[in-house]
Amino acid sequence: MSWGEGSMNWAELRDLVDHLPEDSATQAALLGDTEGRRWTQDTYIHAASYNALLMVIRVLWAAHLKGSPPDMHSVDPPVLEADEQAAEREAAAVARSEALLNRYSPGQTAASSQAEIDYWNGKIRELEAAR
C-alpha cells in the first residue's frame, strides 16, 4: 500500500475489508446481521453446544426425575437477512403447495369442478372433430 501518496486502490481496499475481524461492524453488515449482535464462528459453536447440552439435560431430567425440568432458555443466534429471505421463500413454497393441494381437494366447489370438466370435454371434442 502506498501510504505516501495518501490513497489506496480498489483492490487494496477490498483486501482490507475482506480481512477485517469476524466481529467487526463491517463484516457483520456484510453478512446481513440485522440485530448488530456480531457473532463470530466461535460464538455460534458455543451457542449450539449450550443448546445441545440443554436438550440433554431436559431429556435426562424428564426420564430420571419424572418431572418437568426448570425453565432454561436456549441461546438463539442473531437473525440475518439471509435467514429472513429463506423464511420468506419457504412461506411462499408452502403457500404454492397448499394452493395446488386445495385445487385438487375433494372439498372444491362443484361449480368450478364442473366448469373444468366441461372445458376438457370441449377440448376432447375439438380434437376428435379435427381427425
# chains A, B, ... in the order shown; residues from 1 in each chain; ligands from 1
$ residues_around --residues "Arg37 of chain A" --least-positions-apart "6" --cutoff "9 Å" --atoms "only C-alpha atoms" --output "ChimeraX atom specification"
/A:23,28,77-78
$ select_by_dssp --residues "chain A" --states "alpha helix (DSSP H)" --output "ChimeraX atom specification"
/A:10-18,25-31,41-64,81-103,110-130
$ residues_around --residues "segment 51-61 of chain A" --least-positions-apart "6" --cutoff "10 Å" --atoms "only C-alpha atoms" --output "number ranges by chain"
A: 45, 67-76
$ residues_around --residues "segment 79-83 of chain A" --least-positions-apart "5" --cutoff "10 Å" --atoms "only C-alpha atoms" --output "PyMOL selection string"
chain A and resi 28-37+88-89
$ residues_around --residues "Leu16 of chain A" --least-positions-apart "6" --cutoff "12 Å" --atoms "only C-alpha atoms" --output "list in words"
Met1, Met8, Asn9, Trp10, Thr26 and Gln27 of chain A
$ write_last_selection --atoms "C-alpha atoms" --output "short mmCIF file (atom, residue, chain, number, x, y, z; two decimals), in the first residue's frame"
data_model
loop_
_atom_site.label_atom_id
_atom_site.label_comp_id
_atom_site.auth_asym_id
_atom_site.auth_seq_id
_atom_site.Cartn_x
_atom_site.Cartn_y
_atom_site.Cartn_z
CA MET A 1 0.00 0.00 0.00
CA MET A 8 -5.23 3.16 -1.95
CA ASN A 9 -6.58 1.40 -4.97
CA TRP A 10 -9.80 -0.65 -5.03
CA THR A 26 -18.37 -4.03 8.65
CA GLN A 27 -18.21 -7.83 8.49
#
$ atom_distance --atom1 "atom CA of Ala87 of chain A" --atom2 "atom CA of Tyr44 of chain A"
19.7 Å
